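So this one's target31.pdb, PDB, C-alpha atoms and all ligand atoms:
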ATOM      1  CA  MET A   1      92.569 121.643 138.932  1.00  0.00           C
ATOM      2  CA  GLY A   2      94.278 119.805 136.080  1.00  0.00           C
ATOM      3  CA  ILE A   3      92.367 117.779 133.545  1.00  0.00           C
ATOM      4  CA  THR A   4      93.889 114.511 134.767  1.00  0.00           C
ATOM      5  CA  THR A   5      92.495 114.993 138.275  1.00  0.00           C
ATOM      6  CA  TYR A   6      88.883 114.569 137.149  1.00  0.00           C
ATOM      7  CA  ALA A   7      87.973 111.026 138.236  1.00  0.00           C
ATOM      8  CA  LEU A   8      84.911 108.894 137.590  1.00  0.00           C
ATOM      9  CA  SER A   9      83.816 109.508 141.185  1.00  0.00           C
ATOM     10  CA  ASP A  10      84.021 113.298 140.610  1.00  0.00           C
ATOM     11  CA  PHE A  11      81.905 112.921 137.487  1.00  0.00           C
ATOM     12  CA  VAL A  12      79.260 110.823 139.274  1.00  0.00           C
ATOM     13  CA  ARG A  13      79.100 113.405 142.083  1.00  0.00           C
ATOM     14  CA  ASP A  14      78.560 116.196 139.512  1.00  0.00           C
ATOM     15  CA  LEU A  15      76.041 114.097 137.592  1.00  0.00           C
ATOM     16  CA  ARG A  16      73.951 113.559 140.722  1.00  0.00           C
ATOM     17  CA  ALA A  17      73.966 117.288 141.487  1.00  0.00           C
ATOM     18  CA  ILE A  18      72.978 118.188 137.919  1.00  0.00           C
ATOM     19  CA  ALA A  19      70.127 115.643 137.781  1.00  0.00           C
ATOM     20  CA  ALA A  20      68.854 116.765 141.195  1.00  0.00           C
ATOM     21  CA  GLY A  21      68.909 120.413 140.135  1.00  0.00           C
ATOM     22  CA  THR A  22      66.549 120.321 137.145  1.00  0.00           C
ATOM     23  CA  THR A  23      64.022 118.132 135.364  1.00  0.00           C
ATOM     24  CA  SER A  24      64.786 119.724 131.977  1.00  0.00           C
ATOM     25  CA  TYR A  25      66.578 117.210 129.751  1.00  0.00           C
ATOM     26  CA  GLY A  26      67.939 120.078 127.668  1.00  0.00           C
ATOM     27  CA  ALA A  27      69.437 121.732 130.750  1.00  0.00           C
ATOM     28  CA  ILE A  28      70.883 118.435 131.982  1.00  0.00           C
ATOM     29  CA  ILE A  29      72.503 117.768 128.603  1.00  0.00           C
ATOM     30  CA  GLU A  30      74.047 121.259 128.421  1.00  0.00           C
ATOM     31  CA  ARG A  31      75.633 120.788 131.853  1.00  0.00           C
ATOM     32  CA  VAL A  32      76.759 117.194 131.321  1.00  0.00           C
ATOM     33  CA  ARG A  33      78.404 117.784 127.910  1.00  0.00           C
ATOM     34  CA  PRO A  34      81.553 119.661 129.105  1.00  0.00           C
ATOM     35  CA  LEU A  35      81.983 117.319 132.057  1.00  0.00           C
ATOM     36  CA  ALA A  36      81.707 114.234 129.828  1.00  0.00           C
ATOM     37  CA  ILE A  37      84.428 115.678 127.581  1.00  0.00           C
ATOM     38  CA  ARG A  38      86.562 116.318 130.649  1.00  0.00           C
ATOM     39  CA  LEU A  39      86.108 112.765 131.967  1.00  0.00           C
ATOM     40  CA  ALA A  40      86.701 111.275 128.508  1.00  0.00           C
ATOM     41  CA  GLN A  41      89.965 113.191 128.228  1.00  0.00           C
ATOM     42  CA  SER A  42      91.174 112.448 131.767  1.00  0.00           C
ATOM     43  CA  ARG A  43      91.125 108.703 130.999  1.00  0.00           C
ATOM     44  CA  GLU A  44      91.607 108.058 134.732  1.00  0.00           C
ATOM     45  CA  TRP A  45      88.925 105.395 134.518  1.00  0.00           C
ATOM     46  CA  LEU A  46      89.979 103.777 131.216  1.00  0.00           C
ATOM     47  CA  GLN A  47      91.233 100.196 131.387  1.00  0.00           C
ATOM     48  CA  LYS A  48      92.484  97.752 128.778  1.00  0.00           C
ATOM     49  CA  ARG A  49      89.405  95.563 129.277  1.00  0.00           C
ATOM     50  CA  HIS A  50      87.157  98.434 128.144  1.00  0.00           C
ATOM     51  CA  TYR A  51      88.353  97.739 124.575  1.00  0.00           C
ATOM     52  CA  GLU A  52      86.816  94.257 124.620  1.00  0.00           C
ATOM     53  CA  CYS A  53      83.868  93.833 122.276  1.00  0.00           C
ATOM     54  CA  ASP A  54      81.020  91.369 121.879  1.00  0.00           C
ATOM     55  CA  PRO A  55      81.528  90.003 118.334  1.00  0.00           C
ATOM     56  CA  ALA A  56      77.824  89.134 118.024  1.00  0.00           C
ATOM     57  CA  GLN A  57      76.712  92.766 118.425  1.00  0.00           C
ATOM     58  CA  GLY A  58      79.809  94.407 116.949  1.00  0.00           C
ATOM     59  CA  PHE A  59      80.604  96.504 120.016  1.00  0.00           C
ATOM     60  CA  GLY A  60      81.340  96.134 123.726  1.00  0.00           C
ATOM     61  CA  VAL A  61      79.335  97.856 126.471  1.00  0.00           C
ATOM     62  CA  HIS A  62      81.104  98.280 129.820  1.00  0.00           C
ATOM     63  CA  LEU A  63      79.152  99.629 132.759  1.00  0.00           C
ATOM     64  CA  LEU A  64      81.143 102.172 134.788  1.00  0.00           C
ATOM     65  CA  HIS A  65      78.313 103.408 137.000  1.00  0.00           C
ATOM     66  CA  GLU A  66      74.576 103.314 137.555  1.00  0.00           C
ATOM     67  CA  GLU A  67      72.379 104.276 140.500  1.00  0.00           C
ATOM     68  CA  PRO A  68      70.555 101.423 142.283  1.00  0.00           C
ATOM     69  CA  ASP A  69      67.360 102.316 140.355  1.00  0.00           C
ATOM     70  CA  HIS A  70      69.301 102.246 137.017  1.00  0.00           C
ATOM     71  CA  ARG A  71      69.373 106.053 136.661  1.00  0.00           C
ATOM     72  CA  LEU A  72      72.546 107.957 135.677  1.00  0.00           C
ATOM     73  CA  ALA A  73      74.249 105.184 133.752  1.00  0.00           C
ATOM     74  CA  VAL A  74      77.826 105.667 132.547  1.00  0.00           C
ATOM     75  CA  PHE A  75      79.361 103.248 130.036  1.00  0.00           C
ATOM     76  CA  ALA A  76      82.595 102.797 128.158  1.00  0.00           C
ATOM     77  CA  VAL A  77      81.655 101.533 124.694  1.00  0.00           C
ATOM     78  CA  ALA A  78      84.176  99.955 122.298  1.00  0.00           C
ATOM     79  CA  TRP A  79      83.455  99.494 118.596  1.00  0.00           C
ATOM     80  CA  LEU A  80      84.897  96.786 116.368  1.00  0.00           C
ATOM     81  CA  PRO A  81      86.444  97.949 113.059  1.00  0.00           C
ATOM     82  CA  GLY A  82      83.807  98.042 110.316  1.00  0.00           C
ATOM     83  CA  HIS A  83      80.968  97.621 112.817  1.00  0.00           C
ATOM     84  CA  GLY A  84      78.484  99.883 114.526  1.00  0.00           C
ATOM     85  CA  ALA A  85      74.965 100.215 115.876  1.00  0.00           C
ATOM     86  CA  PRO A  86      71.778 100.309 113.782  1.00  0.00           C
ATOM     87  CA  PRO A  87      69.524 103.389 113.924  1.00  0.00           C
ATOM     88  CA  HIS A  88      68.136 103.646 117.463  1.00  0.00           C
ATOM     89  CA  ASN A  89      66.762 106.020 120.047  1.00  0.00           C
ATOM     90  CA  HIS A  90      67.643 105.982 123.751  1.00  0.00           C
ATOM     91  CA  GLY A  91      64.367 106.578 125.616  1.00  0.00           C
ATOM     92  CA  THR A  92      66.293 108.936 127.908  1.00  0.00           C
ATOM     93  CA  TRP A  93      68.738 111.830 127.548  1.00  0.00           C
ATOM     94  CA  ALA A  94      72.160 110.852 126.205  1.00  0.00           C
ATOM     95  CA  VAL A  95      75.630 112.390 126.039  1.00  0.00           C
ATOM     96  CA  VAL A  96      78.479 110.661 124.154  1.00  0.00           C
ATOM     97  CA  ALA A  97      82.082 111.881 124.292  1.00  0.00           C
ATOM     98  CA  GLY A  98      84.959 110.628 122.126  1.00  0.00           C
ATOM     99  CA  VAL A  99      87.742 108.773 123.926  1.00  0.00           C
ATOM    100  CA  ASP A 100      89.860 106.973 121.340  1.00  0.00           C
ATOM    101  CA  GLY A 101      89.492 107.208 117.576  1.00  0.00           C
ATOM    102  CA  PRO A 102      86.822 108.712 115.328  1.00  0.00           C
ATOM    103  CA  GLU A 103      83.243 107.358 115.282  1.00  0.00           C
ATOM    104  CA  LYS A 104      80.682 108.324 112.688  1.00  0.00           C
ATOM    105  CA  ASN A 105      77.231 109.321 113.922  1.00  0.00           C
ATOM    106  CA  VAL A 106      74.446 109.341 111.351  1.00  0.00           C
ATOM    107  CA  TYR A 107      71.338 111.319 112.287  1.00  0.00           C
ATOM    108  CA  TRP A 108      67.868 110.155 111.282  1.00  0.00           C
ATOM    109  CA  LYS A 109      64.459 111.802 111.349  1.00  0.00           C
ATOM    110  CA  ARG A 110      61.246 109.908 111.947  1.00  0.00           C
ATOM    111  CA  MET A 111      58.739 110.641 109.185  1.00  0.00           C
ATOM    112  CA  ASP A 112      55.625 108.712 110.320  1.00  0.00           C
ATOM    113  CA  ASP A 113      53.498 109.605 113.342  1.00  0.00           C
ATOM    114  CA  GLY A 114      54.331 106.441 115.312  1.00  0.00           C
ATOM    115  CA  SER A 115      50.708 105.347 115.475  1.00  0.00           C
ATOM    116  CA  ARG A 116      51.258 101.983 113.744  1.00  0.00           C
ATOM    117  CA  ARG A 117      52.834  99.548 116.189  1.00  0.00           C
ATOM    118  CA  GLY A 118      56.142  98.147 114.917  1.00  0.00           C
ATOM    119  CA  TYR A 119      56.155 100.431 111.873  1.00  0.00           C
ATOM    120  CA  ALA A 120      58.548 103.329 111.426  1.00  0.00           C
ATOM    121  CA  GLU A 121      59.718 105.416 108.513  1.00  0.00           C
ATOM    122  CA  ILE A 122      63.028 107.154 109.087  1.00  0.00           C
ATOM    123  CA  ARG A 123      65.098 109.359 106.802  1.00  0.00           C
ATOM    124  CA  ARG A 124      68.818 110.087 107.011  1.00  0.00           C
ATOM    125  CA  VAL A 125      69.302 113.793 107.711  1.00  0.00           C
ATOM    126  CA  GLY A 126      72.993 114.278 108.494  1.00  0.00           C
ATOM    127  CA  GLU A 127      76.147 112.957 110.020  1.00  0.00           C
ATOM    128  CA  GLU A 128      78.881 113.989 112.416  1.00  0.00           C
ATOM    129  CA  VAL A 129      82.175 112.363 113.328  1.00  0.00           C
ATOM    130  CA  ILE A 130      83.137 112.449 117.000  1.00  0.00           C
ATOM    131  CA  ALA A 131      86.769 112.165 117.995  1.00  0.00           C
ATOM    132  CA  PRO A 132      88.550 112.690 121.332  1.00  0.00           C
ATOM    133  CA  GLY A 133      87.535 116.142 122.622  1.00  0.00           C
ATOM    134  CA  GLY A 134      84.210 115.940 120.799  1.00  0.00           C
ATOM    135  CA  VAL A 135      80.732 115.261 122.145  1.00  0.00           C
ATOM    136  CA  VAL A 136      77.254 114.560 120.796  1.00  0.00           C
ATOM    137  CA  SER A 137      73.976 114.549 122.731  1.00  0.00           C
ATOM    138  CA  PHE A 138      70.416 113.405 122.210  1.00  0.00           C
ATOM    139  CA  LEU A 139      66.938 113.933 123.595  1.00  0.00           C
ATOM    140  CA  PRO A 140      65.018 110.679 124.322  1.00  0.00           C
ATOM    141  CA  ASP A 141      63.313 110.349 120.903  1.00  0.00           C
ATOM    142  CA  ALA A 142      66.291 111.400 118.732  1.00  0.00           C
ATOM    143  CA  ILE A 143      67.519 108.667 116.377  1.00  0.00           C
ATOM    144  CA  HIS A 144      71.113 107.989 115.359  1.00  0.00           C
ATOM    145  CA  SER A 145      73.323 105.155 114.148  1.00  0.00           C
ATOM    146  CA  VAL A 146      77.032 104.688 114.814  1.00  0.00           C
ATOM    147  CA  ALA A 147      79.820 103.324 112.618  1.00  0.00           C
ATOM    148  CA  ASN A 148      83.481 102.642 113.248  1.00  0.00           C
ATOM    149  CA  GLU A 149      84.971 103.090 109.786  1.00  0.00           C
ATOM    150  CA  THR A 150      88.572 102.751 110.972  1.00  0.00           C
ATOM    151  CA  ASP A 151      90.654  99.572 111.005  1.00  0.00           C
ATOM    152  CA  ARG A 152      90.995  99.409 114.797  1.00  0.00           C
ATOM    153  CA  VAL A 153      88.812  99.317 117.907  1.00  0.00           C
ATOM    154  CA  THR A 154      87.532 102.775 118.908  1.00  0.00           C
ATOM    155  CA  ALA A 155      86.146 103.823 122.284  1.00  0.00           C
ATOM    156  CA  SER A 156      83.724 106.410 123.620  1.00  0.00           C
ATOM    157  CA  LEU A 157      82.163 107.445 126.921  1.00  0.00           C
ATOM    158  CA  HIS A 158      78.360 107.227 127.095  1.00  0.00           C
ATOM    159  CA  VAL A 159      76.204 108.887 129.737  1.00  0.00           C
ATOM    160  CA  TYR A 160      72.447 108.301 129.975  1.00  0.00           C
ATOM    161  CA  GLY A 161      69.599 109.383 132.227  1.00  0.00           C
ATOM    162  CA  ARG A 162      68.836 105.708 132.694  1.00  0.00           C
ATOM    163  CA  HIS A 163      70.550 102.392 131.854  1.00  0.00           C
ATOM    164  CA  LEU A 164      69.593 101.685 128.241  1.00  0.00           C
ATOM    165  CA  ASN A 165      68.144  98.254 128.954  1.00  0.00           C
ATOM    166  CA  TYR A 166      65.547  99.882 131.244  1.00  0.00           C
ATOM    167  CA  THR A 167      64.193 102.632 128.983  1.00  0.00           C
ATOM    168  CA  GLY A 168      62.108 100.572 126.540  1.00  0.00           C
ATOM    169  CA  ARG A 169      63.979 102.148 123.634  1.00  0.00           C
ATOM    170  CA  SER A 170      63.844 101.025 119.986  1.00  0.00           C
ATOM    171  CA  GLN A 171      65.955 100.191 116.980  1.00  0.00           C
ATOM    172  CA  PHE A 172      64.848 101.005 113.452  1.00  0.00           C
ATOM    173  CA  ASP A 173      65.334  99.357 110.084  1.00  0.00           C
ATOM    174  CA  PRO A 174      65.054 102.038 107.400  1.00  0.00           C
ATOM    175  CA  GLU A 175      64.720  99.477 104.575  1.00  0.00           C
ATOM    176  CA  ARG A 176      62.088  97.262 106.154  1.00  0.00           C
ATOM    177  CA  LYS A 177      60.460 100.233 107.937  1.00  0.00           C
ATOM    178  CA  THR A 178      60.315  98.488 111.287  1.00  0.00           C
ATOM    179  CA  GLU A 179      60.635  99.599 114.903  1.00  0.00           C
ATOM    180  CA  THR A 180      61.660  96.858 117.357  1.00  0.00           C
ATOM    181  CA  PRO A 181      62.940  96.763 120.968  1.00  0.00           C
ATOM    182  CA  PHE A 182      66.686  97.371 121.330  1.00  0.00           C
ATOM    183  CA  SER A 183      68.625  96.090 124.307  1.00  0.00           C
ATOM    184  CA  VAL A 184      72.381  95.642 124.520  1.00  0.00           C
ATOM    185  CA  THR A 185      74.612  92.928 125.886  1.00  0.00           C
ATOM    186  CA  VAL A 186      76.705  94.376 128.698  1.00  0.00           C
ATOM    187  CA  GLN A 187      80.199  92.921 129.091  1.00  0.00           C
ATOM    188  CA  PRO A 188      80.751  91.047 132.362  1.00  0.00           C
ATOM    189  CA  THR A 189      82.830  93.004 134.883  1.00  0.00           C
TER     190      THR A 189
HETATM  191 FE    FE B 201      73.121 105.681 120.739  1.00  0.00          FE
END
Could you render the structure as structure tokens?
Ligand SMILES: [Fe+2]
Amino acid sequence: MGITTYALSDFVRDLRAIAAGTTSYGAIIERVRPLAIRLAQSREWLQKRHYECDPAQGFGVHLLHEEPDHRLAVFAVAWLPGHGAPPHNHGTWAVVAGVDGPEKNVYWKRMDDGSRRGYAEIRRVGEEVIAPGGVVSFLPDAIHSVANETDRVTASLHVYGRHLNYTGRSQFDPERKTETPFSVTVQPT
């Protein structure tokens, strides 16, 4: 089977089988990673409209699939030049594969014990650039930020255990040491 024959519907079928086969997030991530790369590279699903961004949030979120109960959400995400996402977690497992252009991921570590509501201390611990063919993945509490440091719109494929607006996940401000709810605006289809 050639790489171009791997369609979104094939990916969703495989995703369902993987999620039904184990409850281990680590195991799910390991199995989803190569398939996400394969789908990202096939580009069978990619349309011009997936490059549209919401100027207010600096990126565009395009829903490609979710189950009726919001599980197994697949998004195309486009990033405006010089923009990105603040430090955030996902509240579910996450796999992100590069589609078009490099995107910088900065990794953060939470330093406090999370016992003070709305308070969070995070420290920058590393970074990794993902480009087409590359993939990054996260357990539910892992924290990262994203930056498009190029001069054009970049795109990536995002796969989550649950639609991000239904996980109760957070964004973090390292300067102000705050943790607040983080939902995204999804582009109309
Ligand atoms: Fe993220």
Review point. Please, what distance in Å, to one decimal, runs between atom CA of Val61 of chain A and atom CA of Asn89 of chain A?
Key: 16.3 Å
Could you give me, as an mmCIF file with C-alpha atoms, keeping the file's coordinate frame, the residues that sit within 10 Å of (83.7, 106.2, 123.6) in the file's coordinates, counting all atoms listed in the file?
data_model
loop_
_atom_site.group_PDB
_atom_site.id
_atom_site.type_symbol
_atom_site.label_atom_id
_atom_site.label_comp_id
_atom_site.auth_asym_id
_atom_site.auth_seq_id
_atom_site.Cartn_x
_atom_site.Cartn_y
_atom_site.Cartn_z
ATOM 1 C CA ALA A 40 86.701 111.275 128.508
ATOM 2 C CA HIS A 50 87.157 98.434 128.144
ATOM 3 C CA TYR A 51 88.353 97.739 124.575
ATOM 4 C CA VAL A 61 79.335 97.856 126.471
ATOM 5 C CA PHE A 75 79.361 103.248 130.036
ATOM 6 C CA ALA A 76 82.595 102.797 128.158
ATOM 7 C CA VAL A 77 81.655 101.533 124.694
ATOM 8 C CA ALA A 78 84.176 99.955 122.298
ATOM 9 C CA TRP A 79 83.455 99.494 118.596
ATOM 10 C CA VAL A 96 78.479 110.661 124.154
ATOM 11 C CA ALA A 97 82.082 111.881 124.292
ATOM 12 C CA GLY A 98 84.959 110.628 122.126
ATOM 13 C CA VAL A 99 87.742 108.773 123.926
ATOM 14 C CA ASP A 100 89.860 106.973 121.340
ATOM 15 C CA GLY A 101 89.492 107.208 117.576
ATOM 16 C CA PRO A 102 86.822 108.712 115.328
ATOM 17 C CA GLU A 103 83.243 107.358 115.282
ATOM 18 C CA ILE A 130 83.137 112.449 117.000
ATOM 19 C CA ALA A 131 86.769 112.165 117.995
ATOM 20 C CA PRO A 132 88.550 112.690 121.332
ATOM 21 C CA VAL A 135 80.732 115.261 122.145
ATOM 22 C CA THR A 154 87.532 102.775 118.908
ATOM 23 C CA ALA A 155 86.146 103.823 122.284
ATOM 24 C CA SER A 156 83.724 106.410 123.620
ATOM 25 C CA LEU A 157 82.163 107.445 126.921
ATOM 26 C CA HIS A 158 78.360 107.227 127.095
#
Exercise for review: Provide the atom CA of Tyr6 of chain A to atom CA of Arg43 of chain A distance in Å, to one decimal place.
Suggested key: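 Pair atom CA of Tyr6 of chain A / atom CA of Arg43 of chain A returns 8.8 Å.
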Residues selected by the PyMOL selection byres (((not hetatm)) within 7 of (chain B and resi 201)), written as a compact mmCIF listing (two decimals) with C-alpha atoms, in the coordinates of the input:
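Output saved as selection13.txt:
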# COMPACT_ATOMS: atom_id res chain seq x y z
CA HIS A 88 68.14 103.65 117.46
CA ASN A 89 66.76 106.02 120.05
CA HIS A 90 67.64 105.98 123.75
CA HIS A 144 71.11 107.99 115.36
CA SER A 145 73.32 105.16 114.15
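The closest residue to Pro87 of chain A, picked from A:Pro188, A:Gly161, A:Pro181, A:Pro55 and counting only C-alpha atoms, is A:Pro181.
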**Study point:** For Lys177 of chain A, the nearest of the candidates A:Glu121, A:Asp69, A:Asp112, A:Glu52, counting all atoms listed in the file
**Key:**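 Among A:Glu121, A:Asp69, A:Asp112, A:Glu52, it is A:Glu121 that comes nearest to Lys177 of chain A.
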Point to revise | For Leu139 of chain A: contacts at 10 Å, all atoms listed in the file, fewer than 4 positions along chain excluded, given as a PyMOL selection string | key: chain A and resi 25-26+29+89-95+143
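When atom CA of Pro81 of chain A is paired with atom CA of Arg49 of chain A, their separation reads 16.7 Å.
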Point to revise | Nearest residue to Gly126 of chain A from the set A:Ala56, A:Ala19, A:Val106, A:Met111 (distances using only C-alpha atoms) | key: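 Residue with the minimum atom-to-atom distance to Gly126 of chain A: A:Val106.
Using the PyMOL selection byres (((chain A and resi 10) around 12) and not hetatm) on the file at hand returns these residues: Ile3, Thr4, Thr5, Tyr6, Ala7, Leu8, Ser9, Phe11, Val12, Arg13, Asp14, Leu15, Arg16, Ala17, Leu35, Ala36, Arg38, Leu39, Ser42, Glu44, Trp45 and His65 of chain A.
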Those selected residues, please, written with C-alpha atoms and delivered as a short mmCIF file (atom, residue, chain, number, x, y, z; two decimals), in the frame of the given file.
data_model
loop_
_atom_site.label_atom_id
_atom_site.label_comp_id
_atom_site.auth_asym_id
_atom_site.auth_seq_id
_atom_site.Cartn_x
_atom_site.Cartn_y
_atom_site.Cartn_z
CA ILE A 3 92.37 117.78 133.54
CA THR A 4 93.89 114.51 134.77
CA THR A 5 92.50 114.99 138.28
CA TYR A 6 88.88 114.57 137.15
CA ALA A 7 87.97 111.03 138.24
CA LEU A 8 84.91 108.89 137.59
CA SER A 9 83.82 109.51 141.18
CA PHE A 11 81.90 112.92 137.49
CA VAL A 12 79.26 110.82 139.27
CA ARG A 13 79.10 113.40 142.08
CA ASP A 14 78.56 116.20 139.51
CA LEU A 15 76.04 114.10 137.59
CA ARG A 16 73.95 113.56 140.72
CA ALA A 17 73.97 117.29 141.49
CA LEU A 35 81.98 117.32 132.06
CA ALA A 36 81.71 114.23 129.83
CA ARG A 38 86.56 116.32 130.65
CA LEU A 39 86.11 112.76 131.97
CA SER A 42 91.17 112.45 131.77
CA GLU A 44 91.61 108.06 134.73
CA TRP A 45 88.92 105.40 134.52
CA HIS A 65 78.31 103.41 137.00
#
Review point. Which of these residues is nearest to Val32 of chain A, using only C-alpha atoms: A:Leu46, A:Trp108, A:Val74, A:Val159?
Key: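 Smallest distance to Val32 of chain A is found for A:Val159.
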